[in-house]
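One file, protein.txt, carrying compact mmCIF, C-alpha atoms and all ligand atoms:
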```txt
# COMPACT_ATOMS: atom_id res chain seq x y z
CA MET V 1 -25.87 8.48 23.72
CA LYS V 2 -24.68 7.51 20.25
CA THR V 3 -21.79 5.06 19.92
CA TYR V 4 -19.51 6.16 17.10
CA ARG V 5 -18.27 3.50 14.67
CA ALA V 6 -14.51 3.63 14.24
CA ALA V 7 -12.28 2.02 11.63
CA LEU V 8 -8.51 1.58 11.75
CA ILE V 9 -6.31 1.97 8.66
CA GLY V 10 -2.75 0.85 9.41
CA CYS V 11 -2.92 -2.00 11.94
CA SER V 12 0.67 -2.24 13.12
CA ARG V 13 2.32 -0.79 16.25
CA MET V 14 0.64 2.58 16.81
CA GLY V 15 -2.53 1.31 15.18
CA ALA V 16 -3.04 -1.62 17.50
CA PHE V 17 -0.11 -3.26 19.28
CA ILE V 18 2.21 -0.64 20.79
CA ASP V 19 0.45 -1.33 24.11
CA ASN V 20 2.61 -4.48 24.23
CA GLU V 21 5.80 -2.35 24.10
CA VAL V 22 5.03 0.44 26.58
CA PRO V 23 4.47 0.00 30.36
CA ALA V 24 1.15 -1.73 31.01
CA SER V 25 0.13 1.32 33.05
CA SER V 26 0.17 3.40 29.81
CA TYR V 27 -2.89 1.57 28.44
CA PRO V 28 -4.60 2.63 26.22
CA TYR V 29 -1.86 3.93 23.93
CA SER V 30 -2.62 2.51 20.48
CA HIS V 31 -5.56 3.76 18.44
CA ALA V 32 -7.43 0.45 18.69
CA ALA V 33 -6.95 0.39 22.46
CA GLY V 34 -8.21 3.99 22.61
CA TYR V 35 -11.44 3.02 20.87
CA GLU V 36 -11.75 0.00 23.15
CA ALA V 37 -11.31 2.11 26.29
CA CYS V 38 -13.70 4.86 25.20
CA ASP V 39 -17.29 3.98 26.05
CA ARG V 40 -18.57 6.07 23.14
CA THR V 41 -16.63 4.34 20.34
CA GLU V 42 -16.53 0.86 18.87
CA LEU V 43 -13.85 -0.46 16.51
CA VAL V 44 -15.90 -2.08 13.75
CA ALA V 45 -13.46 -2.57 10.85
CA CYS V 46 -9.80 -2.41 9.91
CA SER V 47 -7.55 -2.18 6.89
CA ASP V 48 -3.92 -3.05 6.28
CA LEU V 49 -1.88 -4.22 3.32
CA ARG V 50 -0.78 -7.13 5.54
CA ALA V 51 -3.62 -9.61 6.03
CA ASP V 52 -1.73 -11.50 8.75
CA VAL V 53 -1.38 -8.34 10.86
CA MET V 54 -5.08 -7.56 10.38
CA ALA V 55 -5.97 -11.07 11.47
CA GLN V 56 -4.21 -10.37 14.76
CA VAL V 57 -6.24 -7.18 15.15
CA GLY V 58 -9.32 -9.28 14.52
CA GLU V 59 -8.32 -11.68 17.26
CA ARG V 60 -7.32 -9.04 19.81
CA TYR V 61 -10.09 -6.51 19.16
CA GLY V 62 -12.93 -8.69 17.88
CA VAL V 63 -13.02 -7.38 14.30
CA PRO V 64 -14.49 -10.22 12.18
CA SER V 65 -12.62 -11.34 9.06
CA GLU V 66 -15.33 -9.99 6.74
CA ARG V 67 -14.59 -6.54 8.17
CA GLN V 68 -10.84 -6.73 7.52
CA TYR V 69 -9.92 -5.04 4.24
CA THR V 70 -6.68 -4.89 2.31
CA ASP V 71 -8.23 -2.01 0.33
CA TYR V 72 -9.12 0.92 2.58
CA LYS V 73 -11.39 2.39 -0.11
CA GLU V 74 -13.56 -0.72 0.03
CA LEU V 75 -13.69 -0.43 3.81
CA LEU V 76 -14.89 3.16 3.60
CA GLU V 77 -17.44 2.30 0.92
CA ARG V 78 -18.94 -0.68 2.76
CA GLU V 79 -18.60 0.25 6.43
CA ARG V 80 -19.30 3.99 6.36
CA PRO V 81 -17.47 4.61 9.69
CA ASP V 82 -17.96 7.83 11.67
CA ILE V 83 -14.31 7.94 12.75
CA VAL V 84 -11.22 6.73 10.88
CA SER V 85 -7.72 6.29 12.24
CA VAL V 86 -4.83 6.57 9.81
CA ALA V 87 -1.91 4.92 11.59
CA THR V 88 0.28 4.26 8.56
CA GLN V 89 3.70 5.83 8.07
CA PRO V 90 3.50 9.46 6.83
CA GLU V 91 4.17 8.69 3.15
CA PRO V 92 0.74 7.18 2.34
CA ARG V 93 -1.10 9.27 4.96
CA SER V 94 -2.43 12.24 2.99
CA GLU V 95 -3.87 10.14 0.19
CA ILE V 96 -5.87 8.11 2.74
CA VAL V 97 -6.94 11.09 4.88
CA VAL V 98 -8.06 13.10 1.84
CA TYR V 99 -10.00 10.12 0.44
CA ALA V 100 -11.68 9.49 3.80
CA ALA V 101 -12.65 13.16 4.24
CA ASN V 102 -14.02 13.26 0.70
CA HIS V 103 -16.04 10.08 1.30
CA GLY V 104 -18.12 11.06 4.29
CA VAL V 105 -15.91 10.23 7.28
CA ARG V 106 -16.77 12.72 10.02
CA ALA V 107 -13.64 12.58 12.18
CA ILE V 108 -10.07 11.50 11.45
CA TYR V 109 -7.36 10.54 13.96
CA ALA V 110 -4.16 10.70 11.90
CA GLU V 111 -0.80 9.68 13.25
CA LYS V 112 2.11 12.05 13.20
CA ALA V 113 3.90 13.20 11.16
CA MET V 114 0.90 14.71 9.41
CA ALA V 115 2.26 14.32 5.87
CA ALA V 116 5.35 13.67 3.79
CA SER V 117 5.28 17.10 2.11
CA MET V 118 3.71 20.51 2.64
CA ARG V 119 1.65 20.02 -0.49
CA GLU V 120 0.11 16.92 1.13
CA ALA V 121 -0.46 18.72 4.43
CA ASP V 122 -2.27 21.45 2.48
CA ALA V 123 -4.40 18.83 0.74
CA ILE V 124 -5.45 17.45 4.15
CA VAL V 125 -6.41 20.91 5.40
CA GLU V 126 -8.38 21.56 2.21
CA ALA V 127 -10.22 18.22 2.33
CA CYS V 128 -11.06 18.49 6.05
CA GLU V 129 -12.22 22.09 5.81
CA SER V 130 -14.28 21.67 2.66
CA ASN V 131 -16.04 18.59 4.08
CA GLY V 132 -16.32 19.79 7.69
CA THR V 133 -14.29 16.77 8.83
CA PHE V 134 -12.88 16.89 12.36
CA PHE V 135 -9.18 16.09 12.59
CA ASN V 136 -6.73 15.24 15.35
CA LEU V 137 -3.03 14.54 14.95
CA GLY V 138 -1.47 11.85 17.16
CA THR V 139 0.86 14.27 18.93
CA ASN V 140 -0.10 12.77 22.26
CA ARG V 141 1.36 15.38 24.60
CA ARG V 142 -1.29 17.87 23.43
CA TRP V 143 -3.80 15.78 25.48
CA ASP V 144 -1.44 14.82 28.31
CA ARG V 145 -2.60 16.10 31.69
CA GLY V 146 0.94 16.80 32.92
CA PHE V 147 1.58 19.09 29.96
CA ASP V 148 -1.84 20.67 30.56
CA VAL V 149 -0.60 21.55 34.06
CA MET V 150 2.68 22.88 32.61
CA LYS V 151 0.71 25.07 30.22
CA GLY V 152 -1.55 26.18 33.08
CA ILE V 153 1.49 27.38 35.04
CA ILE V 154 2.77 29.32 32.02
CA ASP V 155 -0.65 30.82 31.29
CA SER V 156 -1.27 31.77 34.94
CA GLY V 157 1.52 34.34 34.76
CA ARG V 158 2.86 33.01 38.08
CA LEU V 159 6.37 32.90 36.55
CA GLY V 160 6.00 36.04 34.43
CA ALA V 161 5.74 36.21 30.67
CA LEU V 162 6.93 33.25 28.59
CA ARG V 163 10.24 33.95 26.86
CA ALA V 164 11.68 30.68 25.53
CA LEU V 165 10.76 27.06 24.94
CA THR V 166 13.53 24.49 24.71
CA ILE V 167 13.28 21.05 23.16
CA TYR V 168 16.27 19.05 24.44
CA GLY V 169 15.92 16.07 22.11
CA THR V 170 14.62 17.19 18.73
CA SER V 171 15.76 13.93 17.06
CA ASN V 172 14.34 12.86 13.70
CA LEU V 173 12.07 15.53 12.29
CA PHE V 174 9.11 13.43 11.19
CA ASN V 175 9.20 10.86 13.95
CA GLY V 176 10.32 12.90 16.97
CA ALA V 177 10.15 16.62 16.23
CA SER V 178 6.57 16.18 15.02
CA HIS V 179 5.72 15.61 18.72
CA SER V 180 7.98 18.34 20.10
CA PHE V 181 7.08 21.06 17.60
CA ASP V 182 3.40 20.46 18.29
CA LEU V 183 4.09 20.55 22.04
CA ILE V 184 5.91 23.88 22.04
CA MET V 185 3.22 25.35 19.80
CA ARG V 186 0.62 24.25 22.34
CA LEU V 187 2.64 25.58 25.29
CA ASN V 188 2.78 28.90 23.40
CA SER V 189 -1.01 28.80 22.86
CA ASP V 190 -0.59 28.03 19.14
CA ARG V 191 0.74 31.48 18.36
CA PRO V 192 2.20 31.49 14.83
CA ALA V 193 5.90 31.17 14.06
CA VAL V 194 7.46 33.92 11.97
CA TRP V 195 10.82 32.42 11.05
CA VAL V 196 12.94 29.31 11.45
CA GLN V 197 16.65 28.63 11.15
CA GLY V 198 17.56 24.98 10.87
CA LEU V 199 20.29 22.44 10.46
CA LEU V 200 20.15 18.79 9.43
CA ARG V 201 22.73 16.30 10.66
CA ASP V 202 24.11 13.82 8.14
CA ALA V 203 21.30 14.22 5.64
CA ASP V 204 22.89 15.78 2.55
CA HIS V 205 23.58 12.39 0.96
CA ALA V 206 19.84 11.64 1.18
CA ILE V 207 18.48 14.75 -0.54
CA GLU V 208 18.09 14.78 -4.28
CA ASP V 209 15.58 16.05 -6.85
CA GLY V 210 13.11 17.32 -4.25
CA ARG V 211 13.14 14.03 -2.32
CA ILE V 212 14.58 13.21 1.08
CA THR V 213 15.06 9.49 1.52
CA ILE V 214 15.62 9.44 5.30
CA ASP V 215 13.87 10.96 8.30
CA PRO V 216 16.64 13.45 9.13
CA VAL V 217 17.83 14.49 12.57
CA GLY V 218 17.34 18.24 12.77
CA GLU V 219 17.68 21.17 15.11
CA GLY V 220 17.23 24.89 14.97
CA ILE V 221 15.65 28.08 16.23
CA ILE V 222 11.99 28.95 15.89
CA GLN V 223 10.85 32.52 16.39
CA PHE V 224 7.22 33.05 17.30
CA GLU V 225 5.18 36.14 16.57
CA ASN V 226 4.67 36.90 20.29
CA GLY V 227 8.42 37.21 20.94
CA VAL V 228 8.83 33.68 22.32
CA THR V 229 11.83 31.81 20.92
CA GLY V 230 11.93 28.04 20.49
CA TYR V 231 15.28 26.25 20.71
CA ALA V 232 15.28 22.79 19.16
CA LEU V 233 18.44 21.08 20.42
CA ASN V 234 19.84 17.58 20.44
CA ALA V 235 21.37 17.63 23.90
CA GLY V 236 22.50 14.06 24.41
CA VAL V 237 20.98 12.34 27.35
CA ARG V 238 18.27 15.01 27.84
CA ARG V 239 16.27 13.23 25.18
CA ALA V 240 12.64 13.67 26.16
CA GLU V 241 12.78 16.92 28.12
CA TRP V 242 11.20 20.29 27.47
CA GLU V 243 11.60 23.59 29.29
CA ALA V 244 9.65 26.82 29.39
CA VAL V 245 11.68 29.82 30.52
CA CYS V 246 9.58 32.74 31.71
CA GLU V 247 10.61 36.20 32.86
CA ASP V 248 10.65 35.20 36.56
CA GLY V 249 10.91 31.42 36.57
CA VAL V 250 11.20 28.13 34.76
CA VAL V 251 9.03 25.04 34.36
CA THR V 252 10.60 21.84 33.07
CA ALA V 253 9.28 18.45 32.00
CA LEU V 254 11.90 15.81 32.83
CA SER V 255 12.10 12.16 31.76
CA ASN V 256 9.25 12.44 29.27
CA GLY V 257 6.95 14.02 31.83
CA ALA V 258 7.60 11.46 34.56
CA GLU V 259 9.04 14.31 36.66
CA TRP V 260 8.35 18.02 36.70
CA GLN V 261 10.32 20.92 38.06
CA VAL V 262 9.32 24.49 38.83
CA ARG V 263 11.84 27.19 39.72
CA GLU V 264 10.42 30.46 40.92
CA PRO V 265 11.72 33.72 42.43
CA GLY V 266 13.25 33.42 45.89
CA GLU V 267 15.02 35.95 48.05
CA PRO V 268 17.47 38.02 45.95
CA ASP V 269 21.15 37.12 46.34
CA HIS V 270 23.71 39.21 48.25
CA ARG V 271 24.02 41.61 45.31
CA GLY V 272 20.26 41.97 44.89
CA ARG V 273 20.11 39.79 41.79
CA LYS V 274 17.13 37.54 41.05
CA ARG V 275 17.55 34.03 42.45
CA LEU V 276 15.45 31.00 41.62
CA VAL V 277 14.31 28.45 44.18
CA ALA V 278 12.36 25.20 43.88
CA GLY V 279 8.63 25.76 43.45
CA GLU V 280 5.65 23.45 43.45
CA PHE V 281 4.29 21.57 40.44
CA PRO V 282 0.64 20.77 41.28
CA GLU V 283 -0.45 17.14 41.69
CA TYR V 284 -2.57 15.78 38.86
CA GLU V 285 -4.26 12.53 38.02
CA TRP V 286 -2.74 10.62 35.09
CA LYS V 287 -5.00 9.83 32.17
CA SER V 288 -4.21 8.17 28.86
CA SER V 289 -3.54 10.86 26.25
CA THR V 290 -4.84 8.55 23.50
CA LEU V 291 -8.13 8.13 25.35
CA ALA V 292 -8.32 11.90 25.90
CA LEU V 293 -7.70 12.45 22.17
CA VAL V 294 -10.48 10.00 21.23
CA GLU V 295 -12.85 11.63 23.73
CA ASP V 296 -11.97 15.01 22.22
CA MET V 297 -13.16 13.71 18.82
CA VAL V 298 -16.34 12.29 20.39
CA HIS V 299 -16.97 15.68 21.98
CA ALA V 300 -16.48 17.38 18.59
CA LEU V 301 -18.90 14.96 16.95
CA ASP V 302 -21.46 15.47 19.74
CA THR V 303 -21.26 19.25 19.84
CA GLY V 304 -19.69 20.52 16.60
CA GLU V 305 -16.95 22.20 18.65
CA PRO V 306 -13.40 22.03 17.24
CA THR V 307 -10.92 19.35 18.26
CA ARG V 308 -7.71 20.29 20.07
CA CYS V 309 -5.50 19.61 17.04
CA GLY V 310 -7.57 20.46 13.99
CA ALA V 311 -6.02 20.17 10.54
CA ARG V 312 -4.83 23.78 10.50
CA VAL V 313 -3.22 23.46 13.95
CA ALA V 314 -1.54 20.24 12.81
CA ARG V 315 -0.35 21.95 9.63
CA ALA V 316 1.34 24.70 11.66
CA SER V 317 3.70 22.28 13.46
CA THR V 318 4.23 20.34 10.23
CA GLU V 319 5.35 23.58 8.60
CA LEU V 320 8.14 23.85 11.20
CA ILE V 321 9.50 20.45 10.09
CA PHE V 322 9.69 21.59 6.49
CA ALA V 323 11.05 25.01 7.47
CA VAL V 324 14.01 23.33 9.23
CA ILE V 325 14.68 21.34 6.05
CA GLU V 326 14.31 24.40 3.81
CA SER V 327 16.64 26.45 6.01
CA HIS V 328 19.26 23.70 5.84
CA LEU V 329 18.91 23.57 2.05
CA ARG V 330 19.53 27.34 2.00
CA ASP V 331 22.74 27.02 4.07
CA GLY V 332 21.03 27.85 7.36
CA ALA V 333 19.30 31.01 6.18
CA ARG V 334 16.33 32.33 8.09
CA VAL V 335 13.21 30.97 6.45
CA SER V 336 10.03 33.01 6.80
CA ILE V 337 6.76 31.49 7.91
CA PRO V 338 4.36 31.08 6.10
CA LEU V 339 6.74 28.86 4.21
CA ARG V 340 6.60 29.36 0.47
CA ASP V 341 7.75 27.03 -2.29
CA SER V 342 8.52 24.00 -0.13
CA ALA V 343 8.75 21.26 -2.73
CA ILE V 344 10.61 18.63 -0.71
CA ARG V 345 8.94 15.27 -0.06
CA MET V 346 10.04 12.50 2.29
CA GLU V 347 10.13 9.16 0.47
CA ARG V 348 11.92 6.47 2.45
CA GLY V 349 10.64 3.22 1.01
CA ILE V 350 11.04 1.52 4.41
CA PRO V 351 9.38 -1.81 5.17
CA ALA V 352 6.58 -1.92 7.75
CA LYS V 353 7.68 -3.03 11.21
CA GLN V 354 6.75 -6.27 12.89
CA PRO V 355 4.43 -5.46 15.79
CA ARG V 356 4.57 -7.36 19.08
CA PHE V 357 1.33 -9.27 19.34
CA ALA V 358 1.82 -10.06 23.03
CA ARG V 359 3.60 -8.53 25.99
CA GLN V 360 7.04 -9.91 26.70
CA ASP V 361 7.16 -9.15 30.42
N1 LIG E 1 1.92 8.88 18.75
C1 LIG E 1 2.94 8.12 19.11
O1 LIG E 1 3.43 8.17 20.23
C2 LIG E 1 3.50 7.15 18.11
C3 LIG E 1 4.23 6.02 18.52
C4 LIG E 1 4.68 5.14 17.52
C5 LIG E 1 4.44 5.40 16.18
N2 LIG E 1 3.75 6.52 15.84
C6 LIG E 1 3.47 6.85 14.42
O2 LIG E 1 2.50 5.93 13.95
C7 LIG E 1 2.71 5.69 12.56
C8 LIG E 1 2.80 4.19 12.35
O3 LIG E 1 3.91 3.70 13.07
P1 LIG E 1 4.15 2.13 13.21
O4 LIG E 1 5.43 1.96 13.94
O5 LIG E 1 2.91 1.49 13.70
O6 LIG E 1 4.39 1.81 11.65
P2 LIG E 1 4.49 0.46 10.81
O7 LIG E 1 5.36 0.76 9.66
O8 LIG E 1 4.84 -0.67 11.71
O9 LIG E 1 3.00 0.24 10.34
C9 LIG E 1 2.34 0.91 9.32
C10 LIG E 1 1.23 -0.02 8.84
O10 LIG E 1 0.50 0.67 7.83
C11 LIG E 1 0.17 -0.28 6.83
N3 LIG E 1 -0.16 0.41 5.58
C12 LIG E 1 0.67 1.10 4.75
N4 LIG E 1 -0.01 1.57 3.69
C13 LIG E 1 -1.30 1.20 3.87
C14 LIG E 1 -2.49 1.37 3.11
N5 LIG E 1 -2.49 2.03 1.95
N6 LIG E 1 -3.65 0.83 3.56
C15 LIG E 1 -3.66 0.14 4.74
N7 LIG E 1 -2.57 -0.06 5.50
C16 LIG E 1 -1.41 0.47 5.07
C17 LIG E 1 1.39 -1.16 6.75
O11 LIG E 1 1.12 -2.41 6.12
C18 LIG E 1 1.76 -1.31 8.22
O12 LIG E 1 1.16 -2.44 8.83
C19 LIG E 1 4.00 6.43 12.17
O13 LIG E 1 3.67 7.61 11.50
C20 LIG E 1 4.68 6.72 13.51
O14 LIG E 1 5.43 7.90 13.50
C21 LIG E 1 3.27 7.37 16.76
```
Just give me the structure of the file as C-alpha cells.
Ligand SMILES: NC(=O)c1ccc[n+]([C@@H]2O[C@H](COP(=O)([O-])OP(=O)(O)OC[C@H]3O[C@@H](n4cnc5c(N)ncnc54)[C@H](O)[C@@H]3O)[C@@H](O)[C@H]2O)c1
Amino acid sequence: MKTYRAALIGCSRMGAFIDNEVPASSYPYSHAAGYEACDRTELVACSDLRADVMAQVGERYGVPSERQYTDYKELLERERPDIVSVATQPEPRSEIVVYAANHGVRAIYAEKAMAASMREADAIVEACESNGTFFNLGTNRRWDRGFDVMKGIIDSGRLGALRALTIYGTSNLFNGASHSFDLIMRLNSDRPAVWVQGLLRDADHAIEDGRITIDPVGEGIIQFENGVTGYALNAGVRRAEWEAVCEDGVVTALSNGAEWQVREPGEPDHRGRKRLVAGEFPEYEWKSSTLALVEDMVHALDTGEPTRCGARVARASTELIFAVIESHLRDGARVSIPLRDSAIRMERGIPAKQPRFARQD
C-alpha cells in the first residue's frame, strides 16, 4: 500500500502543537499528529514564516532542517507532496490552497474557516475542481463518531422528521461558527440553505470599506430548503452544545459531545398530549476526528471517491458565515442563499500565537 507524502504549511497550534493543550486522550488532534498516527501518511516537510517554530516541528516530528521552508512555494516545488495541510489563519489560506492545487498537490487539508472572503472561497472551489484536488476542511465534528451516531438517530426516523437544529454557542463566526455551521449542515445531510437572518454583536466599529477587522460574534436564523430551521444562539454557559429537534423527539450533544441525550415519545400525559421521556443514545467507540479526516483523504486518494467535506461542501457552510454578516449589514434583512455580491473580507492583522511545545500537566 502506498504511503502518501504529506507537508504542513502553518506549523503552530493546530498545525502541530495543540496536542499539548487538549487532554492527552484526544491525541491525535493537530495535523502533524494526524499524519503521524495514520499508517498511510508520512510528514516529510513543513513551512512556516517562523523558522524557530518550524525547528520545533523538526524536533518533534522528525522533519530535517533541509525540509523546513519559510517559502511554501519552494516547498511545493522541491518536495512535490501528495497531501498538503494549510493550518494558517484564514487570511492567507486561499492563496496557499489555490497555489497548491494549481501545482500538483492531490489532496488538501485546510483549517477552518475556509477563507477570509467569499471570493476566496470561490477561488478554492475553482482551483480544486479544475485540478481534481481532494479537499477537506478542518471542521472536526464532521468526522466525530459521536456526531455520526447523532446523525444516524436523526436519519433513522426513530424520532420523526427533523424540524430544527440549534447551536447554543455560535461565538465568533470564523473561529467558532465555522465548526457549528458545518455541523448543522452535516446533521441536515448537507441540504442547501435558502435564507439567513443574522446579527453581529459589537462589530460595527470594525467594519469599513468592505473590510472587517475582527472575527465578530454572530447569531441568527438559517432556513434550509427541506423545511429545517437552524437557530444560531449565544446562550451563555451552553457553549458547545447542539440540539436536533424532530417531530417526535430530541437528540442533544452536551458538553462538546462528552454527553448525549435522547428524548423520545413516552406515554401521553393526562390530557393526551405528547410527552417526552429519556431514550437511549447508543454506545460508540471514540476515535480521533483528525485521524478519521486524514484517513478519509487517504481513502479518496486510493479510490477516487469524494472526501466528506469537499471544497463545495466547505463553501456551503462558509457562505452561512458571510450571509450572517451581510444580513447584519442590511439591518437584519433576510439574505437569500446563494449569496450574491458579498464583498466583505476579514482582515485582522493579528500576530501568530505562541504554541506550547510541551505538555504542562
Ligand atoms: N479544528 C480545530 O479544532 C482548530 C483548533 C484550533 C485552531 N484551528 C484553526 O487553525 C488555524 C490556525 O490556528 P493556530 O491557533 O494554530 O494559529 P497561529 O496563528 O498560532 O498559527 C498560524 C501559523 O501560520 C503561519 N503562517 C502564516 N502565513 C504563512 C505562510 N504564508 N506560509 C507559512 N506559514 C504561514 C504563522 O507563522 C503561524 O505559525 C486557524 O484557522 C484556527 O481557526 C482549528
When you count all atoms listed in the file, which of these residues is closest to Val98 in chain V: V:Ile350, V:Leu49, V:Ala37, V:Ala311? V:Ala311
Can you list, as a ChimeraX atom specification, every protein, DNA or RNA residue that comes within 12 Å of Arg158 in chain V when you count all atoms listed in the file, leaving out same-chain residues fewer than 6 positions away? /V:150-152,246-251,262-265,279-281
Exercise on ligand LIG 1 (chain E), axis-aligned box with 5 Å per side, report centre and edge lengths in Å to one decimal, as JSON:
```
{"center_x": 0.9, "center_y": 3.2, "center_z": 11.1, "size_x": 19.1, "size_y": 21.3, "size_z": 28.3}
```
Within 6 Å of ligand LIG 1 (chain E), counting only C-alpha atoms and all ligand atoms, residues as a short mmCIF file (atom, residue, chain, number, x, y, z; two decimals) with C-alpha atoms, in the frame of the given file:
```cif
data_model
loop_
_atom_site.label_atom_id
_atom_site.label_comp_id
_atom_site.auth_asym_id
_atom_site.auth_seq_id
_atom_site.Cartn_x
_atom_site.Cartn_y
_atom_site.Cartn_z
CA ILE V 9 -6.31 1.97 8.66
CA GLY V 10 -2.75 0.85 9.41
CA CYS V 11 -2.92 -2.00 11.94
CA SER V 12 0.67 -2.24 13.12
CA ARG V 13 2.32 -0.79 16.25
CA MET V 14 0.64 2.58 16.81
CA GLY V 15 -2.53 1.31 15.18
CA SER V 47 -7.55 -2.18 6.89
CA ASP V 48 -3.92 -3.05 6.28
CA LEU V 49 -1.88 -4.22 3.32
CA ARG V 50 -0.78 -7.13 5.54
CA TYR V 72 -9.12 0.92 2.58
CA ALA V 87 -1.91 4.92 11.59
CA THR V 88 0.28 4.26 8.56
CA GLN V 89 3.70 5.83 8.07
CA PRO V 90 3.50 9.46 6.83
CA PRO V 92 0.74 7.18 2.34
CA GLU V 111 -0.80 9.68 13.25
CA LYS V 112 2.11 12.05 13.20
CA ALA V 113 3.90 13.20 11.16
CA GLY V 138 -1.47 11.85 17.16
CA THR V 139 0.86 14.27 18.93
CA ASN V 140 -0.10 12.77 22.26
CA ASN V 175 9.20 10.86 13.95
CA ALA V 352 6.58 -1.92 7.75
CA LYS V 353 7.68 -3.03 11.21
#
```
Quick one: residues within 8 Å of Tyr4 in chain V, only C-alpha atoms counted, chain neighbours fewer than 4 positions away excluded, as a count of residues only? 7
Using only C-alpha atoms, determine which residues lie at most 12 Å from Trp143 in chain V, disregarding the query and same-chain residues fewer than 3 positions distant; provide the list as a VMD selection string. chain V and resid 136 to 140 146 to 151 179 182 to 183 186 to 187 286 to 297 307 to 309
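Picture a line from CA of Asn256 in chain V to CA of Gln360 in chain V; it runs 22.6 Å.
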Proximity to Val335 in chain V - best of V:Val53, V:Ala240, V:Ile154, V:Ala323, all atoms listed in the file: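 Under the stated criterion, the closest residue is V:Ala323.
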Quick one: residues within 12 Å of Gly104 in chain V, all atoms listed in the file counted, chain neighbours fewer than 2 positions away excluded, as JSON, numbers by chain? {"V": [73, 76, 77, 78, 79, 80, 81, 82, 83, 84, 97, 98, 99, 100, 101, 102, 106, 107, 108, 127, 128, 130, 131, 132, 133, 134]}
Coordinates-based distance that separates CA of Ser171 in chain V from CA of Asp204 in chain V (Å, one decimal): 16.3 Å
So which residues touch Arg348 in chain V within 12 Å, counting all atoms listed in the file, skipping near sequence neighbours fewer than 3 positions away, as a PyMOL selection string? chain V and resi 89-92+116+174+206-207+211-216+345+351-352
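Between CA of Asn188 in chain V and CA of Leu233 in chain V the separation is 17.8 Å.
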Closest of V:Ala161, V:His328, V:Gly310, V:Arg141 to Ala253 in chain V, counting all atoms listed in the file, is V:Arg141
Counting all atoms listed in the file, figure out which residue out of V:Leu339, V:Arg67, V:His270, V:Arg5 gets nearest to Ala316 in chain V. V:Leu339
Considering only C-alpha atoms, state which residue in the set V:Ala278, V:Tyr109, V:Thr252, V:Leu301 is at the smallest distance from Gly266 in chain V. V:Ala278
